[in-house]
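Structure file coords-v5.txt (compact mmCIF, C-alpha atoms) follows.
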# COMPACT_ATOMS: atom_id res chain seq x y z
CA MET A 1 167.75 138.17 107.59
CA ALA A 2 168.44 139.80 110.98
CA SER A 3 167.79 143.30 109.65
CA LEU A 4 164.60 142.11 107.95
CA MET A 5 163.43 140.60 111.24
CA GLU A 6 164.23 143.84 113.06
CA ASN A 7 162.33 145.82 110.42
CA LEU A 8 159.36 143.46 110.70
CA MET A 9 159.19 143.83 114.47
CA ASP A 10 159.47 147.61 114.21
CA VAL A 11 156.67 147.71 111.64
CA LEU A 12 154.45 145.45 113.76
CA GLU A 13 155.00 147.68 116.81
CA GLU A 14 154.25 150.78 114.73
CA GLU A 15 151.10 149.16 113.37
CA SER A 16 150.08 148.19 116.89
CA GLY A 17 150.45 151.82 117.97
CA TYR A 18 148.13 152.96 115.20
CA TYR A 19 145.59 150.31 116.17
CA ASP A 20 145.81 151.47 119.81
CA SER A 21 144.96 154.99 118.62
CA LEU A 22 142.06 153.62 116.58
CA LEU A 23 140.85 151.73 119.65
CA GLU A 24 140.85 154.95 121.69
CA LEU A 25 138.88 156.71 118.96
CA SER A 26 136.38 153.85 118.86
CA MET A 27 135.81 154.19 122.61
CA LYS A 28 135.31 157.95 122.22
CA LYS A 29 132.94 157.25 119.37
CA THR A 30 130.76 155.17 121.69
CA GLU A 31 130.37 158.12 124.05
CA VAL A 32 129.64 160.48 121.15
CA ILE A 33 127.01 158.16 119.69
CA VAL A 34 125.27 157.84 123.05
CA SER A 35 125.29 161.63 123.53
CA ASN A 36 124.01 162.08 119.94
CA ASN A 37 126.77 164.58 119.06
CA ILE A 38 126.88 164.46 115.26
CA GLN A 39 129.67 167.03 114.87
CA ALA A 40 131.99 165.17 117.23
CA LEU A 41 131.13 161.91 115.44
CA GLN A 42 132.14 163.47 112.14
CA GLN A 43 135.46 164.70 113.61
CA ILE A 44 136.23 161.26 115.04
CA THR A 45 135.41 159.65 111.71
CA GLU A 46 137.85 162.01 109.95
CA GLN A 47 140.57 161.19 112.51
CA GLU A 48 139.89 157.48 112.03
CA GLN A 49 140.26 157.84 108.28
CA LEU A 50 143.68 159.48 108.70
CA LEU A 51 144.79 156.67 111.01
CA ILE A 52 143.45 154.03 108.62
CA ASP A 53 145.50 155.59 105.82
CA GLN A 54 148.59 155.34 108.04
CA VAL A 55 147.78 151.72 108.93
CA ASN A 56 147.43 150.90 105.23
CA SER A 57 150.83 152.46 104.54
CA VAL A 58 152.47 150.48 107.36
CA ASP A 59 150.68 147.32 106.22
CA LYS A 60 152.15 147.72 102.73
CA ARG A 61 155.61 148.05 104.27
CA ARG A 62 154.98 144.93 106.35
CA MET A 63 153.90 142.99 103.27
CA GLY A 64 157.06 144.12 101.47
CA ILE A 65 159.21 142.93 104.35
CA MET A 66 157.36 139.60 104.45
CA THR A 67 157.94 139.19 100.70
CA ASP A 68 161.66 139.88 101.15
CA MET A 69 161.81 137.41 104.04
CA ALA A 70 160.03 134.76 101.99
CA ASN A 71 162.59 135.23 99.22
CA VAL A 72 165.52 134.95 101.66
CA MET A 73 164.03 131.86 103.30
CA ASN A 74 163.08 130.39 99.90
CA ARG A 75 159.41 130.06 100.91
CA ASP A 76 156.11 130.96 99.35
CA VAL A 77 155.02 134.40 100.57
CA GLY A 78 151.44 133.11 100.89
CA THR A 79 152.44 130.50 103.47
CA LEU A 80 154.89 132.68 105.41
CA THR A 81 152.95 133.99 108.41
CA ILE A 82 153.96 135.44 111.76
CA PRO A 83 153.38 132.11 113.62
CA VAL A 84 155.60 130.38 111.04
CA LEU A 85 158.30 133.00 111.61
CA ILE A 86 158.01 132.58 115.38
CA GLN A 87 158.61 128.85 115.00
CA ALA A 88 161.53 129.49 112.65
CA LEU A 89 163.22 131.61 115.32
CA ASP A 90 163.82 128.72 117.76
CA ALA A 91 167.54 129.47 117.95
CA ARG A 92 166.98 133.19 118.57
CA GLU A 93 164.87 133.24 121.70
CA GLN A 94 164.94 137.00 122.34
CA GLU A 95 163.72 137.83 118.81
CA GLN A 96 161.18 135.04 119.01
CA ARG A 97 159.75 136.47 122.25
CA ARG A 98 159.68 140.05 120.89
CA LEU A 99 157.93 138.97 117.70
CA SER A 100 155.45 136.84 119.65
CA GLU A 101 154.65 139.70 122.05
CA ALA A 102 154.18 142.18 119.20
CA SER A 103 151.91 139.75 117.38
CA ASP A 104 149.85 138.95 120.51
CA LYS A 105 149.43 142.64 121.37
CA LEU A 106 148.29 143.43 117.85
CA LYS A 107 145.80 140.55 117.88
CA GLU A 108 144.35 141.62 121.24
CA THR A 109 143.97 145.23 120.10
CA VAL A 110 142.20 144.14 116.92
CA ARG A 111 139.84 141.89 118.94
CA ALA A 112 139.02 144.77 121.29
CA MET A 113 138.36 147.04 118.31
CA ALA A 114 136.05 144.46 116.79
CA ARG A 115 134.03 144.28 120.03
CA ILE A 116 133.73 148.05 120.35
CA ASN A 117 132.93 148.51 116.66
CA GLU A 118 130.15 145.92 116.95
CA GLN A 119 128.77 147.78 119.96
CA ASN A 120 128.96 151.08 118.04
CA ARG A 121 127.21 149.45 115.06
CA GLU A 122 124.36 148.33 117.32
CA LEU A 123 124.09 151.80 118.89
CA LEU A 124 123.97 153.43 115.46
CA GLN A 125 121.36 150.91 114.31
CA SER A 126 119.23 151.73 117.35
CA ALA A 127 119.60 155.45 116.68
CA LEU A 128 118.54 154.97 113.05
CA GLU A 129 115.52 152.94 114.16
CA MET A 130 114.57 155.73 116.56
CA VAL A 131 114.85 158.34 113.81
CA GLU A 132 112.70 156.16 111.56
CA PHE A 133 110.15 155.79 114.38
CA ASP A 134 110.03 159.58 114.84
CA LEU A 135 109.60 160.12 111.09
CA ASN A 136 106.77 157.60 110.98
CA LEU A 137 105.17 159.32 113.96
CA VAL A 138 105.33 162.70 112.25
CA ARG A 139 103.95 161.22 109.02
CA GLY A 140 101.18 159.57 111.02
CA LEU A 141 100.23 162.86 112.64
CA LYS A 142 99.64 164.42 109.26
CA ALA A 143 97.43 161.50 108.26
CA ALA A 144 95.40 161.51 111.50
CA PRO A 145 91.69 162.28 111.08
CA GLN A 146 90.36 165.64 112.06
CA THR A 147 88.15 166.05 115.09
CA ALA A 148 84.59 167.27 114.96
CA GLU A 149 85.42 170.48 116.81
CA TYR A 150 84.07 173.74 115.49
CA ASN A 151 85.09 177.31 116.15
CA LYS A 152 82.79 180.30 116.80
CA GLY A 153 82.12 180.79 113.11
CA ALA A 154 80.77 177.23 112.84
CA MET A 155 83.81 176.22 110.87
CA ASN A 156 85.81 173.09 111.48
CA ALA A 157 88.64 173.96 113.91
CA GLY A 158 91.09 171.71 112.03
CA ASN A 159 92.29 169.85 115.09
CA TYR A 160 93.66 166.34 114.65
CA MET A 161 93.04 163.28 116.77
CA ALA A 162 96.66 162.97 117.82
CA PRO A 163 98.65 164.05 120.83
CA SER A 164 99.70 167.68 120.67
CA ARG A 165 103.28 166.85 121.64
CA GLY A 166 105.50 165.32 119.00
CA GLY A 167 108.34 162.87 119.47
CA PHE A 168 109.05 160.05 121.78
CA ASP A 169 108.42 160.31 125.51
CA ALA A 170 111.35 158.51 127.16
CA LYS A 171 109.79 158.86 130.63
CA GLN A 172 107.13 156.27 129.95

Could you render the structure as structure tokens?
Amino acid sequence: MASLMENLMDVLEEESGYYDSLLELSMKKTEVIVSNNIQALQQITEQEQLLIDQVNSVDKRRMGIMTDMANVMNRDVGTLTIPVLIQALDAREQEQRRLSEASDKLKETVRAMARINEQNRELLQSALEMVEFDLNLVRGLKAAPQTAEYNKGAMNAGNYMAPSRGGFDAKQ
């Protein structure tokens, strides 16, 4: 049981390290989204995918360890959680503290990631709305009526009743 507990704590700390790296990438992603750097966003997304693959691998190892621990403790693996393990370690205070700290750190990192990912989602949604607005503006320019201006040959000049500049003016 002691080696399983040691393995579990090591896996939780490793998983926490991967989540810390994902958190850093999420913060970089915010800057990249704001600066509208699509290439950097694609690179960050590829790095995130590699880290997610590593997290999934570590998570499978953690689940295997939890299954082994449930078998040793003669418990149902579905009801054996980290808080239950922390309570079961009353006699082993040092391991209890280490497991509790690892669990708390992992929870806090995941909460921070959720906040930043929600912020990034809102930024991306705003960017998509802006692109849609620009597309509608361009489509609207093509549908604008022509003016009654004529050139020297008494032909319609083909000018449209729309501003000559395209896009959104952020200075307004």

(request) Skip region 12-16 of chain A itself and residues of its chain fewer than 2 positions away, then list as a ChimeraX atom specification all residues within 8 Å of it, counting only C-alpha atoms. (result) /A:8-10,18-20,55,58-59,62,102-103,105-106,109

(message) Taking 3 positions as the minimum chain separation for residues in the same chain, which residues sit within 9 Å of Glu95 (chain A) when counting all atoms listed in the file? Answer as a ChimeraX atom specification.
(response) /A:5-6,9,86,89,92,98-100

Could those selected residues go to a file with C-alpha atoms, as a short mmCIF file (atom, residue, chain, number, x, y, z; two decimals), keeping the file's coordinate frame?
data_model
loop_
_atom_site.label_atom_id
_atom_site.label_comp_id
_atom_site.auth_asym_id
_atom_site.auth_seq_id
_atom_site.Cartn_x
_atom_site.Cartn_y
_atom_site.Cartn_z
CA MET A 5 163.43 140.60 111.24
CA GLU A 6 164.23 143.84 113.06
CA MET A 9 159.19 143.83 114.47
CA ILE A 86 158.01 132.58 115.38
CA LEU A 89 163.22 131.61 115.32
CA ARG A 92 166.98 133.19 118.57
CA ARG A 98 159.68 140.05 120.89
CA LEU A 99 157.93 138.97 117.70
CA SER A 100 155.45 136.84 119.65
#

(message) Need to verify the contact set: region 73-78 of chain A, 10 Å, all atoms listed in the file, exclusion of same-chain residues closer than 5 positions in sequence. Can you return it as a PyMOL selection string?
(response) chain A and resi 1+63-64+66-68+88

(request) Find the spatial neighbours of Ala112 (chain A), counting all atoms listed in the file, within a cut-off of 8 Å - ignore same-chain residues fewer than 4 positions away - and output them as a PyMOL selection string. (result) chain A and resi 23+108+116

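Among A:Val84, A:Met27, A:Leu22, A:Ile65, the residue with the shortest atom-to-atom distance to Gln49 (chain A), counting all atoms listed in the file, is A:Leu22.
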
(request) Enter the distance from CA of Ala2 (chain A) to CA of Met69 (chain A), in Å, rounded to one decimal. (result) 9.9 Å

(request) Rank nothing, just name the residue among A:Asn7, A:Glu93, A:Glu24, A:Thr30 nearest to Arg121 (chain A), using all atoms listed in the file. (result) A:Thr30
